[in-house]
Structures are given as structure tokens and as C-alpha cells.
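Data block below; observations after.
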Amino acid sequence: MRLKDLMRSKELKLGNFVVEFATPGIGHILKAAGLDFVFFDMEHSGFSFETMKSAIRYFEAADVAVIVRVPALENDMLARASDMGAEGLIAPMISTAAQAQAMVDSVKYHPLGKRGVGLQMAHDNYRIQPVAEALAAANARTAVICLIETAEGAENVDAIAAVKGVDGLWVGHFDLSVSLGIPGEFTHPKFTAAMERIIAAAKKHGRSLGRLVPNVEQGIAFHRQGFDFICYSGDIWVLRDGLAAASKAIREGVKA
């Protein structure tokens, strides 16, 4: 299912954070697990654009919607990822409405943005179609998701969410806590107040809202607070924790 189709509903969407494994089967593995989307991370993974381009096709083949986080808020990164077929775009540290507008300008074609025109390529499945139709279709297909992970971003979140062309907000909870001066203190009043502002802005402007969660309990709790995109853990941690739990249980079991 296309990402924008998922974003039209506030029903629960479940995903996984992919930061390590871009193997050909990754899309079908996530689909078999019952997931709706993938958060494909280029900021912390070291994935190249060439790797991302291949991975997008793996996810498309499995019908898993793709959100790509590029390494920085730069036009060449956002536009290039869009040209390679990324439908949902995230850039780090969106702190002002002007930065949100810069994202829109890089991802959207005229008249919504300023993205350079490249047609009959990966993002439109190499189809030949009239230029105006191609630009309109690309604008309808792509989604701009602003990553709120700074104190300034949390303060300006209402203005960020109000920018025309912004489709969603995403909370970067670790970076947000660090920026607030309370690293990892997710129950601190400063953090909970920032979260309340973000949730309120998403509701006010009708934007999708997402975040990463480390466990089932938090996934349920945050969905009840208004998060419709719940990204459950990441490929590294699911594998590591699953193996750790099983290996521990086996070692203890054979001693019994």
C-alpha cells in the first residue's frame, strides 16, 4: 500500500526501523511479520544512495510503504532520494517552519515546491506520461515528515505542522531529551511538556504522528495518545534481543 494511502487514515500503522540489513528479502520479511511500513535510516546506518535505491525496490515488491531518513536537511539529499523512489522523506533536526518549508521545496514539484524535474525514472516507474500529469502524480505520492528532535523544534512545532505540504510529524525522542538537557529522562516534565505540544500540533493540523518504540507496552500507550505510525524497534535490536533471550533460556534450561 502506498504511504500516502496509509496517511489518509489515523488508524494504527506498524513498522520497523531498518538500520543494518538491506538484504533482498528484507521487504518480504517485514510483510510476513504483518508490518505496514519501514523506516529506512540513512543518517546512522552508513547506507549509500545506491543501497537505498535497491532497498526501495525490495520494499515495493513486498508492498511495504517506505519512509527514508536522509543524513541531513540538504536539497540534493532529499530530491535525490525522491528521484530514487522514496515516498516518505524525513530529514534530521527540523526546528523551524523555514526548515519545514525547505523540505517541502526539495520534495515537491511546482507549484507546491521547487524540486528539480527528473521524469521517466525510478520514482515514476519509468513511465511515459504528460509532464503536468507526472508532476501532479509525484506531488500526490510523496510525503514530507518533519522530525522533531530539538527543544527549538518542540517550541516551534505548531508553526512547523502548519506549513502547507507537511504531511506528518515524527518524534526523535533520544535527541529531543538531549536537546532539552535531560538525556534519556522521558518522564521528566520538560520532556512530557514537549510531547504534549507535538501531539497537540499534529491533532490541530491533521498531521500523521510517528515515533520509534522499544516495546509493545509503549506502542499501545503512544497509539492511545495519538500516534498513528508506531515503529516497533529496529532490525538490529529485534535480532539481538531475540537471540539473547533464546540463548539465555537454552543455557539455563540445559543446566536444570
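Please note that chains go A, B, ... in the order of the C-alpha cells, that every chain numbers its residues from 1, and that ligands are numbered from 1 in the order shown.
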
### Task
Please provide as a count of residues only all residues within 8 Å of Ala161 of chain A, with the sequence filter that same-chain residues fewer than 5 positions apart are discarded (counting only C-alpha atoms).
8

Go through segment 199-240 of chain A and flag each residue having an atom no more than 12 Å from segment 31-49 of chain A; for those, report the closest pair of atoms plus their distance in Å to one decimal, using only C-alpha atoms, ordered by chain and rising number, as JSON lines.
{"residue": "A:Gly210", "atom": "CA", "partner": "A:Phe39", "partner_atom": "CA", "distance": 10.4}
{"residue": "A:Arg211", "atom": "CA", "partner": "A:Phe39", "partner_atom": "CA", "distance": 10.0}
{"residue": "A:Leu212", "atom": "CA", "partner": "A:Phe39", "partner_atom": "CA", "distance": 9.3}
{"residue": "A:Asp228", "atom": "CA", "partner": "A:Asp36", "partner_atom": "CA", "distance": 11.5}
{"residue": "A:Phe229", "atom": "CA", "partner": "A:Phe37", "partner_atom": "CA", "distance": 8.6}
{"residue": "A:Ile230", "atom": "CA", "partner": "A:Phe37", "partner_atom": "CA", "distance": 9.4}
{"residue": "A:Cys231", "atom": "CA", "partner": "A:Phe39", "partner_atom": "CA", "distance": 7.5}
{"residue": "A:Tyr232", "atom": "CA", "partner": "A:Leu35", "partner_atom": "CA", "distance": 9.5}
{"residue": "A:Ser233", "atom": "CA", "partner": "A:Phe39", "partner_atom": "CA", "distance": 10.3}
{"residue": "A:Gly234", "atom": "CA", "partner": "A:Phe39", "partner_atom": "CA", "distance": 8.9}
{"residue": "A:Asp235", "atom": "CA", "partner": "A:Phe40", "partner_atom": "CA", "distance": 10.3}
{"residue": "A:Ile236", "atom": "CA", "partner": "A:Ser45", "partner_atom": "CA", "distance": 10.8}

Segment 101-109 of chain A environment, 7 Å, only C-alpha atoms, sequence neighbours closer than 5 positions dropped, as a PDB file with C-alpha atoms, in the first residue's frame:
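After the write, around_4.pdb holds the following:
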ATOM      1  CA  ASN A  75      18.206  19.650  -1.208  1.00  0.00           C
ATOM      2  CA  LEU A  78      16.021  14.964  -0.290  1.00  0.00           C
ATOM      3  CA  ALA A  79      15.498  15.436  -4.030  1.00  0.00           C
ATOM      4  CA  SER A  82      12.770  11.282  -4.032  1.00  0.00           C
ATOM      5  CA  LYS A 114      10.921  23.694  -6.151  1.00  0.00           C
ATOM      6  CA  ARG A 115      12.145  20.158  -6.795  1.00  0.00           C
ATOM      7  CA  LEU A 135       4.395  16.314 -11.635  1.00  0.00           C
ATOM      8  CA  ASN A 139       3.273  15.525  -5.567  1.00  0.00           C
ATOM      9  CA  VAL A 144       7.057  15.233   3.937  1.00  0.00           C
ATOM     10  CA  VAL A 163       3.363  24.529   6.731  1.00  0.00           C
ATOM     11  CA  GLY A 165       2.897  20.359   2.194  1.00  0.00           C
ATOM     12  CA  VAL A 166       3.905  18.883   5.555  1.00  0.00           C
TER      13      VAL A 166
END

### Task
Considering only C-alpha atoms, return as a VMD selection string whatever protein or nucleic-acid residues lie within 12 Å of Ala193 of chain A, sequence-local ones (same chain, fewer than 2 positions apart) excluded.
chain A and resid 151 154 to 155 176 to 177 180 186 to 191 195 to 200

Residues from last step as file, N, CA and C atoms, as a PDB file, in the first residue's frame:
ATOM      1  N   ALA A 151      14.827  21.038  21.180  1.00  0.00           N
ATOM      2  CA  ALA A 151      13.986  21.891  22.024  1.00  0.00           C
ATOM      3  C   ALA A 151      13.340  22.986  21.185  1.00  0.00           C
ATOM      4  N   ALA A 154      10.433  21.524  19.176  1.00  0.00           N
ATOM      5  CA  ALA A 154       9.258  21.312  20.011  1.00  0.00           C
ATOM      6  C   ALA A 154       8.551  22.635  20.314  1.00  0.00           C
ATOM      7  N   GLU A 155       9.342  23.685  20.476  1.00  0.00           N
ATOM      8  CA  GLU A 155       8.770  25.010  20.741  1.00  0.00           C
ATOM      9  C   GLU A 155       8.037  25.546  19.512  1.00  0.00           C
ATOM     10  N   LEU A 176      15.662  14.597  21.313  1.00  0.00           N
ATOM     11  CA  LEU A 176      14.850  15.624  21.958  1.00  0.00           C
ATOM     12  C   LEU A 176      15.198  15.722  23.441  1.00  0.00           C
ATOM     13  N   SER A 177      15.355  14.592  24.101  1.00  0.00           N
ATOM     14  CA  SER A 177      15.693  14.632  25.523  1.00  0.00           C
ATOM     15  C   SER A 177      17.073  15.256  25.747  1.00  0.00           C
ATOM     16  N   LEU A 180      16.868  18.989  25.316  1.00  0.00           N
ATOM     17  CA  LEU A 180      16.203  19.605  26.475  1.00  0.00           C
ATOM     18  C   LEU A 180      17.081  19.597  27.718  1.00  0.00           C
ATOM     19  N   PHE A 186      12.691  10.400  29.979  1.00  0.00           N
ATOM     20  CA  PHE A 186      11.462  10.538  29.205  1.00  0.00           C
ATOM     21  C   PHE A 186      10.218  10.803  30.055  1.00  0.00           C
ATOM     22  N   THR A 187      10.369  10.740  31.363  1.00  0.00           N
ATOM     23  CA  THR A 187       9.252  11.098  32.245  1.00  0.00           C
ATOM     24  C   THR A 187       9.451  12.475  32.876  1.00  0.00           C
ATOM     25  N   HIS A 188      10.537  13.141  32.525  1.00  0.00           N
ATOM     26  CA  HIS A 188      10.809  14.478  33.068  1.00  0.00           C
ATOM     27  C   HIS A 188       9.739  15.458  32.568  1.00  0.00           C
ATOM     28  N   PRO A 189       9.313  16.402  33.410  1.00  0.00           N
ATOM     29  CA  PRO A 189       8.286  17.369  32.993  1.00  0.00           C
ATOM     30  C   PRO A 189       8.633  18.127  31.712  1.00  0.00           C
ATOM     31  N   LYS A 190       9.909  18.437  31.503  1.00  0.00           N
ATOM     32  CA  LYS A 190      10.295  19.127  30.261  1.00  0.00           C
ATOM     33  C   LYS A 190       9.983  18.266  29.038  1.00  0.00           C
ATOM     34  N   PHE A 191      10.266  16.988  29.150  1.00  0.00           N
ATOM     35  CA  PHE A 191      10.032  16.097  28.017  1.00  0.00           C
ATOM     36  C   PHE A 191       8.541  15.877  27.796  1.00  0.00           C
ATOM     37  N   MET A 195       6.320  16.737  24.460  1.00  0.00           N
ATOM     38  CA  MET A 195       5.491  15.734  23.802  1.00  0.00           C
ATOM     39  C   MET A 195       4.051  16.214  23.666  1.00  0.00           C
ATOM     40  N   GLU A 196       3.558  16.842  24.689  1.00  0.00           N
ATOM     41  CA  GLU A 196       2.183  17.345  24.646  1.00  0.00           C
ATOM     42  C   GLU A 196       2.014  18.387  23.551  1.00  0.00           C
ATOM     43  N   ARG A 197       3.018  19.256  23.372  1.00  0.00           N
ATOM     44  CA  ARG A 197       2.942  20.265  22.311  1.00  0.00           C
ATOM     45  C   ARG A 197       2.962  19.609  20.929  1.00  0.00           C
ATOM     46  N   ILE A 198       3.787  18.588  20.777  1.00  0.00           N
ATOM     47  CA  ILE A 198       3.888  17.902  19.489  1.00  0.00           C
ATOM     48  C   ILE A 198       2.580  17.188  19.153  1.00  0.00           C
ATOM     49  N   ILE A 199       2.037  16.484  20.117  1.00  0.00           N
ATOM     50  CA  ILE A 199       0.773  15.769  19.906  1.00  0.00           C
ATOM     51  C   ILE A 199      -0.347  16.746  19.586  1.00  0.00           C
ATOM     52  N   ALA A 200      -0.387  17.860  20.295  1.00  0.00           N
ATOM     53  CA  ALA A 200      -1.427  18.865  20.071  1.00  0.00           C
ATOM     54  C   ALA A 200      -1.310  19.466  18.680  1.00  0.00           C
TER      55      ALA A 200
END

### Message
I'd like the neighbourhood of Ala61 of chain A as a ChimeraX atom specification, where a residue qualifies if any of its atoms comes within 12 Å (using only C-alpha atoms), though same-chain residues fewer than 6 positions away should be ignored.
### Response
/A:1-2,24-31,54-55

For segment 8-74 of chain A versus segment 83-86 of chain A, which residues have an atom no more than 7 Å away, and what is each residue's nearest atom pair and distance in Å rounded to one decimal, using only C-alpha atoms, chain-then-number order, as JSON lines?
{"residue": "A:Lys53", "atom": "CA", "partner": "A:Met84", "partner_atom": "CA", "distance": 5.6}
{"residue": "A:Ile56", "atom": "CA", "partner": "A:Gly85", "partner_atom": "CA", "distance": 6.8}
{"residue": "A:Val66", "atom": "CA", "partner": "A:Ala86", "partner_atom": "CA", "distance": 6.5}
{"residue": "A:Ile67", "atom": "CA", "partner": "A:Ala86", "partner_atom": "CA", "distance": 6.7}
{"residue": "A:Val68", "atom": "CA", "partner": "A:Ala86", "partner_atom": "CA", "distance": 6.2}

### Task
Based on DSSP run over this structure's backbone, return all residues of segment 75-163 of chain A in helix (DSSP H, G or I), as a ChimeraX atom specification.
/A:75-83,97-107,122-124,131-141,151-155,157-162

Let me see the file: selected residues, C-alpha atoms, as a JSON list (two decimals), in the first residue's frame.
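Now in result39.json:
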[["chain", "number", "residue", "atom", "x", "y", "z"],
["A", 75, "ASN", "CA", 18.21, 19.65, -1.21],
["A", 76, "ASP", "CA", 20.46, 17.23, -3.06],
["A", 77, "MET", "CA", 19.79, 14.51, -0.49],
["A", 78, "LEU", "CA", 16.02, 14.96, -0.29],
["A", 79, "ALA", "CA", 15.50, 15.44, -4.03],
["A", 80, "ARG", "CA", 17.85, 12.59, -4.90],
["A", 81, "ALA", "CA", 16.09, 10.20, -2.52],
["A", 82, "SER", "CA", 12.77, 11.28, -4.03],
["A", 83, "ASP", "CA", 14.05, 10.61, -7.54],
["A", 97, "ALA", "CA", 8.89, 26.46, 9.87],
["A", 98, "ALA", "CA", 11.50, 27.71, 7.40],
["A", 99, "GLN", "CA", 13.29, 24.35, 7.57],
["A", 100, "ALA", "CA", 9.99, 22.54, 7.09],
["A", 101, "GLN", "CA", 9.34, 24.69, 4.03],
["A", 102, "ALA", "CA", 12.82, 23.83, 2.72],
["A", 103, "MET", "CA", 11.87, 20.15, 2.95],
["A", 104, "VAL", "CA", 8.67, 20.77, 1.01],
["A", 105, "ASP", "CA", 10.58, 22.74, -1.62],
["A", 106, "SER", "CA", 13.03, 19.84, -2.11],
["A", 107, "VAL", "CA", 10.45, 17.04, -2.23],
["A", 122, "ALA", "CA", 12.74, 5.19, -10.72],
["A", 123, "HIS", "CA", 10.26, 7.33, -8.79],
["A", 124, "ASP", "CA", 7.60, 7.12, -11.51],
["A", 131, "VAL", "CA", 4.65, 16.39, -17.83],
["A", 132, "ALA", "CA", 1.85, 18.11, -15.91],
["A", 133, "GLU", "CA", 0.32, 14.75, -15.01],
["A", 134, "ALA", "CA", 3.68, 13.35, -13.92],
["A", 135, "LEU", "CA", 4.40, 16.31, -11.64],
["A", 136, "ALA", "CA", 0.93, 16.18, -10.09],
["A", 137, "ALA", "CA", 1.20, 12.43, -9.54],
["A", 138, "ALA", "CA", 4.59, 12.79, -7.85],
["A", 139, "ASN", "CA", 3.27, 15.53, -5.57],
["A", 140, "ALA", "CA", 0.31, 13.34, -4.62],
["A", 141, "ARG", "CA", 2.57, 10.36, -3.95],
["A", 151, "ALA", "CA", 13.99, 21.89, 22.02],
["A", 152, "GLU", "CA", 13.57, 24.58, 19.36],
["A", 153, "GLY", "CA", 11.60, 22.21, 17.16],
["A", 154, "ALA", "CA", 9.26, 21.31, 20.01],
["A", 155, "GLU", "CA", 8.77, 25.01, 20.74],
["A", 157, "VAL", "CA", 6.07, 22.61, 16.33],
["A", 158, "ASP", "CA", 2.73, 24.32, 15.75],
["A", 159, "ALA", "CA", 4.24, 26.55, 13.05],
["A", 160, "ILE", "CA", 6.08, 23.57, 11.55],
["A", 161, "ALA", "CA", 2.91, 21.49, 11.37],
["A", 162, "ALA", "CA", 1.06, 24.40, 9.78]]

### Task
Return as number ranges by chain the full set of residues in segment 18-124 of chain A whose backbone-based DSSP assignment is strand (DSSP E).
A: 18, 37-41, 65-69, 88-91

How about saving the chosen residues, N, CA and C atoms kept, as a PDB file, in the first residue's frame?
ATOM      1  N   VAL A  18      14.902   0.094   9.977  1.00  0.00           N
ATOM      2  CA  VAL A  18      15.957  -0.679   9.316  1.00  0.00           C
ATOM      3  C   VAL A  18      17.210   0.171   9.218  1.00  0.00           C
ATOM      4  N   PHE A  37       4.828  -0.523   7.213  1.00  0.00           N
ATOM      5  CA  PHE A  37       5.810   0.414   6.674  1.00  0.00           C
ATOM      6  C   PHE A  37       7.189   0.111   7.236  1.00  0.00           C
ATOM      7  N   VAL A  38       8.192   0.710   6.610  1.00  0.00           N
ATOM      8  CA  VAL A  38       9.561   0.625   7.089  1.00  0.00           C
ATOM      9  C   VAL A  38      10.124   2.034   7.216  1.00  0.00           C
ATOM     10  N   PHE A  39      10.889   2.266   8.263  1.00  0.00           N
ATOM     11  CA  PHE A  39      11.661   3.499   8.428  1.00  0.00           C
ATOM     12  C   PHE A  39      13.090   3.125   8.055  1.00  0.00           C
ATOM     13  N   PHE A  40      13.503   3.503   6.855  1.00  0.00           N
ATOM     14  CA  PHE A  40      14.821   3.154   6.330  1.00  0.00           C
ATOM     15  C   PHE A  40      15.767   4.313   6.627  1.00  0.00           C
ATOM     16  N   ASP A  41      16.757   4.037   7.481  1.00  0.00           N
ATOM     17  CA  ASP A  41      17.586   5.121   8.008  1.00  0.00           C
ATOM     18  C   ASP A  41      18.931   5.246   7.309  1.00  0.00           C
ATOM     19  N   ALA A  65       5.190   0.114   2.638  1.00  0.00           N
ATOM     20  CA  ALA A  65       5.408   1.543   2.426  1.00  0.00           C
ATOM     21  C   ALA A  65       6.754   1.966   3.010  1.00  0.00           C
ATOM     22  N   VAL A  66       7.433   2.891   2.324  1.00  0.00           N
ATOM     23  CA  VAL A  66       8.803   3.249   2.695  1.00  0.00           C
ATOM     24  C   VAL A  66       8.915   4.706   3.131  1.00  0.00           C
ATOM     25  N   ILE A  67       9.489   4.909   4.316  1.00  0.00           N
ATOM     26  CA  ILE A  67       9.895   6.232   4.783  1.00  0.00           C
ATOM     27  C   ILE A  67      11.423   6.220   4.843  1.00  0.00           C
ATOM     28  N   VAL A  68      12.058   7.197   4.214  1.00  0.00           N
ATOM     29  CA  VAL A  68      13.523   7.277   4.194  1.00  0.00           C
ATOM     30  C   VAL A  68      13.980   8.500   4.963  1.00  0.00           C
ATOM     31  N   ARG A  69      14.898   8.280   5.907  1.00  0.00           N
ATOM     32  CA  ARG A  69      15.542   9.415   6.561  1.00  0.00           C
ATOM     33  C   ARG A  69      16.893   9.646   5.887  1.00  0.00           C
ATOM     34  N   GLY A  88       8.137   8.643   1.425  1.00  0.00           N
ATOM     35  CA  GLY A  88       8.118   9.442   2.635  1.00  0.00           C
ATOM     36  C   GLY A  88       9.520   9.908   2.937  1.00  0.00           C
ATOM     37  N   LEU A  89       9.703  11.208   3.139  1.00  0.00           N
ATOM     38  CA  LEU A  89      11.028  11.782   3.374  1.00  0.00           C
ATOM     39  C   LEU A  89      11.097  12.408   4.756  1.00  0.00           C
ATOM     40  N   ILE A  90      12.167  12.052   5.476  1.00  0.00           N
ATOM     41  CA  ILE A  90      12.465  12.636   6.778  1.00  0.00           C
ATOM     42  C   ILE A  90      13.889  13.175   6.744  1.00  0.00           C
ATOM     43  N   ALA A  91      14.091  14.363   7.296  1.00  0.00           N
ATOM     44  CA  ALA A  91      15.431  14.928   7.475  1.00  0.00           C
ATOM     45  C   ALA A  91      15.617  15.234   8.955  1.00  0.00           C
TER      46      ALA A  91
END

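When atom CA of Ser179 of chain A is paired with atom CA of Ile148 of chain A, their separation reads 10.8 Å.
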
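Taking atom CA of Thr96 of chain A as the reference point, atom CA of His223 of chain A is found at 25.7 Å.
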
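Relative to atom CA of Met93 of chain A, atom CA of Leu73 of chain A is found at 8.0 Å.
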
### Task
Skip Leu147 of chain A itself and residues of its chain fewer than 4 positions away, then list as number ranges by chain all residues within 6 Å of it, counting only C-alpha atoms.
A: 92, 94, 169-171
